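File shown here: structure_11.pdb, holding PDB, C-alpha atoms and all ligand atoms.
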ATOM      1  CA  MET A 739     -33.515 -50.724  -0.271
ATOM      2  CA  ILE A 740     -33.050 -49.434  -3.835
ATOM      3  CA  GLN A 741     -33.607 -45.955  -2.529
ATOM      4  CA  ARG A 742     -30.883 -46.465   0.060
ATOM      5  CA  ARG A 743     -28.481 -47.763  -2.579
ATOM      6  CA  GLU A 744     -29.141 -44.706  -4.725
ATOM      7  CA  ALA A 745     -28.582 -42.423  -1.790
ATOM      8  CA  LEU A 746     -25.291 -44.174  -1.055
ATOM      9  CA  LEU A 747     -24.226 -43.935  -4.678
ATOM     10  CA  GLY A 748     -25.089 -40.242  -4.685
ATOM     11  CA  ALA A 749     -23.040 -39.671  -1.554
ATOM     12  CA  THR A 750     -20.079 -41.543  -3.038
ATOM     13  CA  LEU A 751     -20.227 -39.472  -6.196
ATOM     14  CA  LEU A 752     -20.393 -36.295  -4.139
ATOM     15  CA  LEU A 753     -17.344 -37.379  -2.152
ATOM     16  CA  LEU A 754     -15.473 -38.164  -5.354
ATOM     17  CA  ALA A 755     -16.353 -34.782  -6.797
ATOM     18  CA  GLY A 756     -15.272 -33.069  -3.573
ATOM     19  CA  GLY A 757     -12.063 -35.087  -3.514
ATOM     20  CA  ALA A 758     -11.286 -34.257  -7.114
ATOM     21  CA  ARG A 759     -11.733 -30.584  -6.416
ATOM     22  CA  ALA A 760      -9.447 -30.698  -3.404
ATOM     23  CA  ALA A 761      -6.782 -32.345  -5.536
ATOM     24  CA  ASP A 762      -6.925 -29.564  -8.158
ATOM     25  CA  PRO A 763      -3.701 -27.555  -8.112
ATOM     26  CA  VAL A 764      -4.143 -24.438  -6.024
ATOM     27  CA  LYS A 765      -3.861 -21.153  -7.922
ATOM     28  CA  ILE A 766      -3.991 -17.779  -6.228
ATOM     29  CA  GLY A 767      -4.335 -14.421  -7.998
ATOM     30  CA  PHE A 768      -2.606 -11.220  -6.892
ATOM     31  CA  LEU A 769      -3.999  -8.067  -8.525
ATOM     32  CA  VAL A 770      -2.380  -4.677  -7.911
ATOM     33  CA  LYS A 771      -3.313  -1.189  -9.045
ATOM     34  CA  GLN A 772       0.219   0.013  -9.852
ATOM     35  CA  ALA A 773       2.436  -2.830 -10.959
ATOM     36  CA  GLU A 774       5.331  -0.504 -11.847
ATOM     37  CA  GLU A 775       5.616   0.851  -8.279
ATOM     38  CA  PRO A 776       8.438  -0.780  -6.277
ATOM     39  CA  TRP A 777       6.147  -1.394  -3.298
ATOM     40  CA  PHE A 778       3.878  -3.609  -5.419
ATOM     41  CA  GLN A 779       6.840  -5.337  -7.052
ATOM     42  CA  ASP A 780       8.018  -6.227  -3.561
ATOM     43  CA  GLU A 781       4.580  -7.482  -2.539
ATOM     44  CA  TRP A 782       4.526  -9.739  -5.598
ATOM     45  CA  ARG A 783       8.015 -10.976  -4.848
ATOM     46  CA  PHE A 784       7.084 -11.991  -1.308
ATOM     47  CA  ALA A 785       3.822 -13.552  -2.514
ATOM     48  CA  GLU A 786       5.977 -15.703  -4.823
ATOM     49  CA  THR A 787       7.905 -16.880  -1.766
ATOM     50  CA  ALA A 788       4.649 -18.088  -0.216
ATOM     51  CA  ALA A 789       3.726 -19.792  -3.499
ATOM     52  CA  LYS A 790       7.044 -21.653  -3.607
ATOM     53  CA  GLU A 791       6.815 -22.688   0.028
ATOM     54  CA  LYS A 792       3.271 -23.991  -0.216
ATOM     55  CA  GLY A 793       3.432 -25.217  -3.778
ATOM     56  CA  PHE A 794       0.676 -23.120  -5.306
ATOM     57  CA  THR A 795       0.724 -21.102  -8.524
ATOM     58  CA  LEU A 796       0.617 -17.323  -8.258
ATOM     59  CA  VAL A 797      -1.088 -15.369 -11.030
ATOM     60  CA  LYS A 798      -0.048 -11.701 -10.997
ATOM     61  CA  ILE A 799      -1.967  -9.074 -12.968
ATOM     62  CA  GLY A 800      -1.671  -5.276 -12.955
ATOM     63  CA  ILE A 801      -5.051  -3.521 -12.836
ATOM     64  CA  PRO A 802      -4.558   0.215 -13.492
ATOM     65  CA  ASN A 803      -8.290   0.880 -13.992
ATOM     66  CA  GLY A 804     -11.742  -0.571 -13.362
ATOM     67  CA  GLU A 805     -12.107  -2.101 -16.785
ATOM     68  CA  LYS A 806      -8.806  -3.975 -16.502
ATOM     69  CA  MET A 807      -9.786  -5.043 -13.011
ATOM     70  CA  MET A 808     -13.075  -6.600 -14.177
ATOM     71  CA  ALA A 809     -11.299  -8.351 -17.053
ATOM     72  CA  ALA A 810      -8.580  -9.630 -14.699
ATOM     73  CA  MET A 811     -11.125 -11.293 -12.409
ATOM     74  CA  ASP A 812     -12.710 -13.098 -15.398
ATOM     75  CA  ASN A 813      -9.229 -14.061 -16.508
ATOM     76  CA  LEU A 814      -8.467 -15.572 -13.077
ATOM     77  CA  ALA A 815     -11.651 -17.635 -13.137
ATOM     78  CA  ALA A 816     -10.860 -18.842 -16.675
ATOM     79  CA  GLN A 817      -7.451 -20.011 -15.423
ATOM     80  CA  LYS A 818      -9.168 -21.922 -12.608
ATOM     81  CA  VAL A 819      -7.769 -19.711  -9.883
ATOM     82  CA  GLN A 820      -9.641 -20.303  -6.616
ATOM     83  CA  GLY A 821      -8.944 -17.090  -4.710
ATOM     84  CA  PHE A 822      -7.144 -13.763  -4.986
ATOM     85  CA  VAL A 823      -5.620 -10.798  -3.197
ATOM     86  CA  ILE A 824      -6.459  -7.354  -4.561
ATOM     87  CA  CYS A 825      -5.329  -3.742  -4.258
ATOM     88  CA  ALA A 826      -7.953  -2.090  -6.452
ATOM     89  CA  PRO A 827      -7.393   1.035  -8.589
ATOM     90  CA  ASP A 828     -10.310   2.694  -6.784
ATOM     91  CA  VAL A 829     -11.668   1.548  -3.414
ATOM     92  CA  LYS A 830     -15.185   2.531  -4.485
ATOM     93  CA  LEU A 831     -15.160  -0.495  -6.791
ATOM     94  CA  GLY A 832     -15.703  -2.625  -3.673
ATOM     95  CA  VAL A 833     -19.219  -3.767  -4.491
ATOM     96  CA  ALA A 834     -18.190  -4.670  -8.047
ATOM     97  CA  VAL A 835     -15.321  -6.781  -6.694
ATOM     98  CA  GLU A 836     -17.509  -8.526  -4.144
ATOM     99  CA  ARG A 837     -20.186  -9.331  -6.745
ATOM    100  CA  ALA A 838     -17.726 -10.570  -9.371
ATOM    101  CA  ALA A 839     -15.912 -12.769  -6.843
ATOM    102  CA  LYS A 840     -19.206 -14.305  -5.749
ATOM    103  CA  ARG A 841     -20.370 -14.863  -9.321
ATOM    104  CA  LEU A 842     -17.063 -16.473 -10.303
ATOM    105  CA  GLY A 843     -16.781 -18.522  -7.104
ATOM    106  CA  LEU A 844     -13.507 -16.872  -6.042
ATOM    107  CA  LYS A 845     -12.373 -16.106  -2.518
ATOM    108  CA  VAL A 846     -11.128 -12.538  -2.179
ATOM    109  CA  MET A 847      -9.137 -10.517   0.317
ATOM    110  CA  SER A 848      -7.887  -6.941  -0.081
ATOM    111  CA  VAL A 849      -4.447  -5.544   0.654
ATOM    112  CA  ASP A 850      -3.252  -1.949   1.282
ATOM    113  CA  ASP A 851      -6.431  -0.139   0.194
ATOM    114  CA  GLN A 852      -9.603  -1.306   1.929
ATOM    115  CA  LEU A 853     -12.599  -1.684  -0.385
ATOM    116  CA  VAL A 854     -15.726   0.263   0.470
ATOM    117  CA  ASP A 855     -19.408   0.134  -0.481
ATOM    118  CA  GLY A 856     -21.541   2.887  -1.996
ATOM    119  CA  ALA A 857     -21.817   4.606   1.390
ATOM    120  CA  GLY A 858     -18.044   4.565   1.913
ATOM    121  CA  LYS A 859     -18.181   1.816   4.535
ATOM    122  CA  PRO A 860     -15.629  -1.049   4.455
ATOM    123  CA  ILE A 861     -17.082  -4.208   2.913
ATOM    124  CA  ALA A 862     -17.446  -6.644   5.781
ATOM    125  CA  GLY A 863     -17.258  -9.798   3.657
ATOM    126  CA  ILE A 864     -13.786  -8.999   2.278
ATOM    127  CA  PRO A 865     -10.944  -9.593   4.760
ATOM    128  CA  HIS A 866      -8.267  -6.898   4.675
ATOM    129  CA  MET A 867      -4.623  -6.297   5.503
ATOM    130  CA  GLY A 868      -3.516  -2.673   5.568
ATOM    131  CA  ILE A 869      -1.099  -0.384   7.366
ATOM    132  CA  SER A 870      -2.055   1.454  10.582
ATOM    133  CA  ALA A 871      -2.359   4.542   8.461
ATOM    134  CA  TYR A 872      -2.919   7.225  11.088
ATOM    135  CA  GLU A 873      -0.219   5.924  13.447
ATOM    136  CA  ILE A 874       2.310   5.641  10.638
ATOM    137  CA  GLY A 875       1.428   9.166   9.562
ATOM    138  CA  LYS A 876       2.118  10.319  13.110
ATOM    139  CA  GLN A 877       5.554   8.715  12.945
ATOM    140  CA  VAL A 878       6.207  10.761   9.799
ATOM    141  CA  GLY A 879       5.168  13.975  11.554
ATOM    142  CA  GLN A 880       7.202  13.190  14.659
ATOM    143  CA  GLY A 881      10.251  12.374  12.548
ATOM    144  CA  LEU A 882       9.902  15.688  10.746
ATOM    145  CA  ALA A 883       9.440  17.603  14.019
ATOM    146  CA  GLU A 884      12.597  16.036  15.441
ATOM    147  CA  GLU A 885      14.716  16.865  12.414
ATOM    148  CA  ILE A 886      13.296  20.409  12.288
ATOM    149  CA  LYS A 887      14.522  20.811  15.854
ATOM    150  CA  ALA A 888      17.893  19.245  15.090
ATOM    151  CA  ARG A 889      18.400  21.735  12.264
ATOM    152  CA  GLY A 890      17.414  24.637  14.467
ATOM    153  CA  TRP A 891      14.514  25.613  12.200
ATOM    154  CA  THR A 892      11.423  27.219  13.682
ATOM    155  CA  LEU A 893       8.029  25.781  12.836
ATOM    156  CA  ALA A 894       6.486  29.224  12.449
ATOM    157  CA  GLU A 895       8.640  30.020   9.396
ATOM    158  CA  LEU A 896       8.061  26.716   7.598
ATOM    159  CA  GLY A 897       5.703  25.822   4.808
ATOM    160  CA  ALA A 898       4.248  22.354   5.388
ATOM    161  CA  LEU A 899       3.432  20.683   2.110
ATOM    162  CA  ARG A 900       0.720  18.046   2.420
ATOM    163  CA  MET A 901       0.769  15.899  -0.716
ATOM    164  CA  ALA A 902      -2.909  15.004  -0.816
ATOM    165  CA  PHE A 903      -4.857  12.140  -2.341
ATOM    166  CA  ASP A 904      -7.929  12.472  -0.188
ATOM    167  CA  GLN A 905     -10.277  10.222  -2.154
ATOM    168  CA  LEU A 906      -8.330   7.249  -0.765
ATOM    169  CA  PRO A 907      -9.096   6.774   2.955
ATOM    170  CA  THR A 908      -5.692   5.288   3.862
ATOM    171  CA  ALA A 909      -3.978   8.254   2.174
ATOM    172  CA  ARG A 910      -6.135  10.764   4.028
ATOM    173  CA  GLU A 911      -5.471   9.059   7.367
ATOM    174  CA  ARG A 912      -1.721   8.941   6.772
ATOM    175  CA  THR A 913      -1.411  12.649   6.030
ATOM    176  CA  GLN A 914      -3.805  13.509   8.875
ATOM    177  CA  GLY A 915      -1.533  11.653  11.305
ATOM    178  CA  ALA A 916       1.504  13.561  10.048
ATOM    179  CA  LEU A 917      -0.327  16.859  10.263
ATOM    180  CA  ASP A 918      -1.556  16.204  13.797
ATOM    181  CA  ALA A 919       1.968  15.373  14.984
ATOM    182  CA  LEU A 920       3.337  18.564  13.411
ATOM    183  CA  LYS A 921       0.536  20.609  14.962
ATOM    184  CA  ALA A 922       1.289  19.060  18.344
ATOM    185  CA  ALA A 923       4.912  20.127  17.870
ATOM    186  CA  GLY A 924       3.792  23.716  17.262
ATOM    187  CA  LEU A 925       3.198  24.090  13.510
ATOM    188  CA  PRO A 926       0.715  26.920  12.837
ATOM    189  CA  LEU A 927      -2.254  25.658  10.790
ATOM    190  CA  ALA A 928      -1.900  28.645   8.450
ATOM    191  CA  ASN A 929       1.408  27.201   7.245
ATOM    192  CA  VAL A 930      -0.154  24.050   5.845
ATOM    193  CA  VAL A 931      -0.329  23.960   2.054
ATOM    194  CA  ASP A 932      -2.303  21.216   0.314
ATOM    195  CA  ALA A 933      -1.002  19.827  -2.973
ATOM    196  CA  PRO A 934      -3.703  17.532  -4.409
ATOM    197  CA  GLN A 935      -2.281  14.813  -6.666
ATOM    198  CA  ALA A 936      -4.229  13.558  -9.680
ATOM    199  CA  LYS A 937      -2.667  10.093  -9.258
ATOM    200  CA  THR A 938      -0.452   8.432  -6.678
ATOM    201  CA  ASP A 939       2.784   8.362  -8.668
ATOM    202  CA  THR A 940       5.890  10.568  -8.565
ATOM    203  CA  GLU A 941       5.014  12.531 -11.680
ATOM    204  CA  SER A 942       1.595  13.571 -10.373
ATOM    205  CA  ALA A 943       3.176  14.543  -7.079
ATOM    206  CA  PHE A 944       5.826  16.582  -8.904
ATOM    207  CA  ASN A 945       3.150  18.501 -10.802
ATOM    208  CA  ALA A 946       1.046  19.087  -7.700
ATOM    209  CA  ALA A 947       4.030  20.304  -5.662
ATOM    210  CA  ASN A 948       5.114  22.712  -8.405
ATOM    211  CA  ILE A 949       1.726  24.412  -8.376
ATOM    212  CA  ALA A 950       1.783  24.648  -4.596
ATOM    213  CA  PHE A 951       5.294  26.161  -4.540
ATOM    214  CA  THR A 952       4.345  28.748  -7.156
ATOM    215  CA  LYS A 953       1.326  29.841  -5.151
ATOM    216  CA  ASN A 954       3.234  30.007  -1.868
ATOM    217  CA  ALA A 955       6.539  31.674  -2.624
ATOM    218  CA  ARG A 956       6.415  33.362   0.803
ATOM    219  CA  PHE A 957       7.958  30.273   2.437
ATOM    220  CA  LYS A 958      11.720  29.846   2.112
ATOM    221  CA  ARG A 959      11.847  26.530   3.953
ATOM    222  CA  TRP A 960       9.579  23.549   3.590
ATOM    223  CA  VAL A 961       8.685  20.196   5.061
ATOM    224  CA  ALA A 962       6.843  17.674   2.895
ATOM    225  CA  PHE A 963       4.819  14.576   3.639
ATOM    226  CA  GLY A 964       2.318  12.421   1.776
ATOM    227  CA  MET A 965       0.779   8.984   1.384
ATOM    228  CA  ASN A 966       3.910   7.238   0.092
ATOM    229  CA  ASP A 967       7.538   7.694  -0.967
ATOM    230  CA  GLU A 968       6.503   8.609  -4.512
ATOM    231  CA  ALA A 969       4.450  11.555  -3.217
ATOM    232  CA  VAL A 970       7.323  12.936  -1.169
ATOM    233  CA  LEU A 971       9.879  12.260  -3.884
ATOM    234  CA  GLY A 972       7.781  14.241  -6.379
ATOM    235  CA  ALA A 973       7.748  17.149  -3.920
ATOM    236  CA  VAL A 974      11.509  16.885  -3.375
ATOM    237  CA  ARG A 975      12.200  16.907  -7.142
ATOM    238  CA  ALA A 976       9.898  19.906  -7.605
ATOM    239  CA  GLY A 977      11.713  21.703  -4.785
ATOM    240  CA  GLU A 978      15.088  21.030  -6.388
ATOM    241  CA  GLY A 979      13.822  22.595  -9.591
ATOM    242  CA  ARG A 980      13.274  25.803  -7.625
ATOM    243  CA  GLY A 981      16.511  25.784  -5.738
ATOM    244  CA  LEU A 982      14.950  24.312  -2.588
ATOM    245  CA  LYS A 983      17.600  21.712  -1.870
ATOM    246  CA  GLN A 984      18.463  19.729   1.198
ATOM    247  CA  GLU A 985      19.337  22.890   3.181
ATOM    248  CA  ALA A 986      15.862  24.336   2.664
ATOM    249  CA  MET A 987      13.610  21.326   2.506
ATOM    250  CA  LEU A 988      12.893  18.146   4.409
ATOM    251  CA  GLY A 989      10.624  15.280   3.452
ATOM    252  CA  ILE A 990       9.670  11.943   5.001
ATOM    253  CA  GLY A 991       7.787   9.371   2.966
ATOM    254  CA  ILE A 992       6.054   6.078   3.676
ATOM    255  CA  GLY A 993       7.143   2.792   2.108
ATOM    256  CA  GLY A 994      10.861   2.124   2.196
ATOM    257  CA  SER A 995      11.031   0.172  -1.059
ATOM    258  CA  GLN A 996      13.450   0.879  -3.900
ATOM    259  CA  THR A 997      12.106   4.415  -4.412
ATOM    260  CA  ALA A 998      13.497   5.399  -1.008
ATOM    261  CA  LEU A 999      16.610   3.228  -1.189
ATOM    262  CA  ASN A1000      17.670   4.880  -4.466
ATOM    263  CA  GLU A1001      17.507   8.272  -2.767
ATOM    264  CA  PHE A1002      19.552   7.067   0.192
ATOM    265  CA  ALA A1003      22.140   5.622  -2.186
ATOM    266  CA  LYS A1004      22.935   9.011  -3.742
ATOM    267  CA  PRO A1005      26.340  10.311  -2.674
ATOM    268  CA  ASN A1006      24.901  13.628  -1.498
ATOM    269  CA  PRO A1007      21.839  13.648   0.743
ATOM    270  CA  THR A1008      18.733  15.049  -0.918
ATOM    271  CA  ALA A1009      15.740  16.600   0.838
ATOM    272  CA  PHE A1010      14.289  13.084   0.986
ATOM    273  CA  PHE A1011      15.347  12.685   4.594
ATOM    274  CA  GLY A1012      13.583   9.470   5.514
ATOM    275  CA  THR A1013      10.653   7.142   5.162
ATOM    276  CA  VAL A1014       8.534   5.059   7.469
ATOM    277  CA  LEU A1015       9.443   1.564   6.417
ATOM    278  CA  ILE A1016       6.387  -0.649   6.129
ATOM    279  CA  SER A1017       6.436  -4.354   5.367
ATOM    280  CA  PRO A1018       5.896  -5.593   1.805
ATOM    281  CA  LYS A1019       6.866  -8.983   3.214
ATOM    282  CA  ARG A1020       3.871  -9.103   5.524
ATOM    283  CA  HIS A1021       1.541  -7.611   2.917
ATOM    284  CA  GLY A1022       2.720  -9.879   0.088
ATOM    285  CA  TYR A1023       3.673 -13.117   1.801
ATOM    286  CA  GLU A1024       1.004 -13.184   4.481
ATOM    287  CA  THR A1025      -1.960 -12.207   2.310
ATOM    288  CA  ALA A1026      -1.058 -14.811  -0.325
ATOM    289  CA  LEU A1027      -0.666 -17.383   2.428
ATOM    290  CA  MET A1028      -3.981 -16.399   4.023
ATOM    291  CA  VAL A1029      -5.872 -16.843   0.756
ATOM    292  CA  TYR A1030      -4.064 -20.147   0.173
ATOM    293  CA  GLN A1031      -5.148 -21.419   3.600
ATOM    294  CA  TRP A1032      -8.679 -20.242   2.893
ATOM    295  CA  VAL A1033      -8.774 -22.174  -0.388
ATOM    296  CA  ALA A1034      -6.847 -25.297   0.625
ATOM    297  CA  GLU A1035      -7.746 -25.636   4.295
ATOM    298  CA  ASN A1036     -10.994 -23.681   4.461
ATOM    299  CA  ARG A1037      -9.477 -21.356   7.078
ATOM    300  CA  ALA A1038     -10.732 -17.813   6.458
ATOM    301  CA  PRO A1039      -8.364 -14.867   7.104
ATOM    302  CA  ALA A1040      -8.926 -12.505  10.035
ATOM    303  CA  ALA A1041     -11.376  -9.760   9.071
ATOM    304  CA  LEU A1042      -8.785  -7.012   9.597
ATOM    305  CA  THR A1043      -5.001  -7.045  10.063
ATOM    306  CA  LEU A1044      -3.131  -3.768  10.513
ATOM    307  CA  THR A1045       0.651  -3.618  10.227
ATOM    308  CA  ASN A1046       3.099  -1.093  11.649
ATOM    309  CA  GLY A1047       6.177   0.784  10.474
ATOM    310  CA  VAL A1048       9.553   2.058  11.638
ATOM    311  CA  LEU A1049      11.227   5.372  10.774
ATOM    312  CA  MET A1050      14.162   4.747   8.455
ATOM    313  CA  THR A1051      16.764   7.284   7.362
ATOM    314  CA  ARG A1052      20.026   7.181   5.449
ATOM    315  CA  ARG A1053      21.799   6.515   8.719
ATOM    316  CA  ASN A1054      19.846   3.569  10.104
ATOM    317  CA  GLN A1055      18.588   1.967   6.871
ATOM    318  CA  VAL A1056      20.607  -1.232   7.149
ATOM    319  CA  GLU A1057      19.612  -2.035  10.743
ATOM    320  CA  VAL A1058      15.973  -1.081  10.245
ATOM    321  CA  ARG A1059      15.585  -3.219   7.143
ATOM    322  CA  LYS A1060      17.165  -6.136   8.923
ATOM    323  CA  GLN A1061      14.795  -5.643  11.880
ATOM    324  CA  MET A1062      11.863  -5.903   9.446
ATOM    325  CA  GLY A1063      13.265  -9.101   7.941
ATOM    326  CA  LEU A1064      14.016  -7.425   4.589
TER     327      LEU A1064
HETATM  328  C1  LIG B   1      -1.300   2.279  -0.998
HETATM  329  C2  LIG B   1      -0.275   3.110  -1.736
HETATM  330  C3  LIG B   1       1.021   2.371  -1.910
HETATM  331  C4  LIG B   1       1.485   1.788  -0.584
HETATM  332  C5  LIG B   1       0.416   0.926   0.020
HETATM  333  C6  LIG B   1       0.781   0.356   1.368
HETATM  334  O1  LIG B   1      -1.813   1.311  -1.834
HETATM  335  O2  LIG B   1      -0.764   3.490  -3.008
HETATM  336  O3  LIG B   1       2.005   3.245  -2.413
HETATM  337  O4  LIG B   1       1.780   2.827   0.306
HETATM  338  O5  LIG B   1      -0.780   1.681   0.175
END

Written as structure tokens, how would this file's structure read?
Ligand code: FCA
Amino acid sequence: MIQRREALLGATLLLLAGGARAADPVKIGFLVKQAEEPWFQDEWRFAETAAKEKGFTLVKIGIPNGEKMMAAMDNLAAQKVQGFVICAPDVKLGVAVERAAKRLGLKVMSVDDQLVDGAGKPIAGIPHMGISAYEIGKQVGQGLAEEIKARGWTLAELGALRMAFDQLPTARERTQGALDALKAAGLPLANVVDAPQAKTDTESAFNAANIAFTKNARFKRWVAFGMNDEAVLGAVRAGEGRGLKQEAMLGIGIGGSQTALNEFAKPNPTAFFGTVLISPKRHGYETALMVYQWVAENRAPAALTLTNGVLMTRRNQVEVRKQMGL
């Protein structure tokens, strides 16, 4: 009898403890590798919308390197955050993220850049939302091929500048898609020039493109593509510095955030012809919501969600953004 009473008491205490935990205010972290980039600003903004709607607190931290990333996860746990979304500064930090999250009792899902293990394989235990990188890259290549045709340029005379950041799988897949579409349209492989970027910002792209132009002065006309709008914008600015303006160069980026909109807003068109608009709303709002539901309702996110994009140019920017709910 006494034993039964003790068991009952224990169960009641457990229930109380469980109940108390469920009543704790929900806090969700959102860690991004490049907080100054408009794409990530937009993701944060849409994550805030989810936070307002559902009544949770969003804790946003920029994590430009591995050290800051490790400190940020400790910081989240100290603030009693229960789960977080992450775009890590290096996808090879996947195992470190998984271990830290487990140790700190935090739920984690990745966004944009899928975390990998030591062998380069995606980490199965971390749900992910990313873009359909190869397909979106193909849209870039097809958009370029169409505009090349519209301008009456011939593929054989063109330099094709691939802004490269190959250590990041999504970046490699994006530029591979673009390249394959251009090849299918008739671009000779010998015309492809790689410009490896040290980082994924505009300045690094600018520097990489300058080197590539210097080494390949034989081309008088260029097309440029890369992993994001910053990559292509860097190439466009480098081209301008060498007199390769809109009449001699054509670039299509990926993103469609403020970086691209600023270019479209200039009175005279630049060589930044277009971008494949992807959805910071889905990536910011939905991932924050997914982690919230995981924490508050014990509903785990789908293992993998891939989002799509739409080609956006100066001409159709208003309609396309509306279509995407932006
Ligand atoms: C990567 C890039 C960002 C953005 C995102 C969807 O994280 O670095 O610029 O393209 O994927």

Taking the file as shown, what set of residues would the PyMOL selection byres (((not hetatm)) within 7 of (chain B and resi 1)) give back, as a ChimeraX atom specification?
/A:777,825,850-851,868-869,938,965-966,992-993

Could you write out as a ChimeraX atom specification the residues that the PyMOL selection byres (((chain A and resi 774) around 12) and not hetatm) matches in the shown file?
/A:770-773,775-782,799-802,938-940,968,996-997

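Of note, CA of Ile864 (chain A) and CA of Gln817 (chain A) are spaced 21.8 Å apart.
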
Output check: residues returned by the PyMOL selection byres (((chain A and resi 902) around 6) and not hetatm), as an MDAnalysis selection string
chainID A and resid 900:901 903:904 933:935

Next, the residues of the selection above should be written as a compact mmCIF listing (two decimals), in the coordinates of the input with C-alpha atoms.
# COMPACT_ATOMS: atom_id res chain seq x y z
CA ARG A 900 0.72 18.05 2.42
CA MET A 901 0.77 15.90 -0.72
CA PHE A 903 -4.86 12.14 -2.34
CA ASP A 904 -7.93 12.47 -0.19
CA ALA A 933 -1.00 19.83 -2.97
CA PRO A 934 -3.70 17.53 -4.41
CA GLN A 935 -2.28 14.81 -6.67

Using all atoms listed in the file, pick whichever of A:Gln914, A:Asn1036, A:Thr1013, A:Gln1031 has the shortest atom-to-atom distance to Val970 (chain A).
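That would be A:Thr1013, the residue with the smallest distance to Val970 (chain A).
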
Where is the centre and how long are the edges: axis-aligned box on region 968-972 of chain A, 5 Å on each side, Å to one decimal, as AutoDock Vina command-line options:
--center_x 7.2 --center_y 11.4 --center_z -3.8 --size_x 15.4 --size_y 15.6 --size_z 15.2

Can you pull out the residues contacting region 974-988 of chain A? Cut-off 8 Å, using all atoms listed in the file, and skip same-chain residues under 3 positions away; I want them as a ChimeraX atom specification.
/A:882,944-945,947-948,951,958-962,970-971,1007-1011

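Taking CA of Leu769 (chain A) as the reference point, CA of Leu842 (chain A) is found at 15.6 Å.
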
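Using all atoms listed in the file for every distance, the candidate list A:Ala810, A:Ala973, A:Ala883, A:Val835 yields A:Ala883 as the residue closest to Ala916 (chain A).
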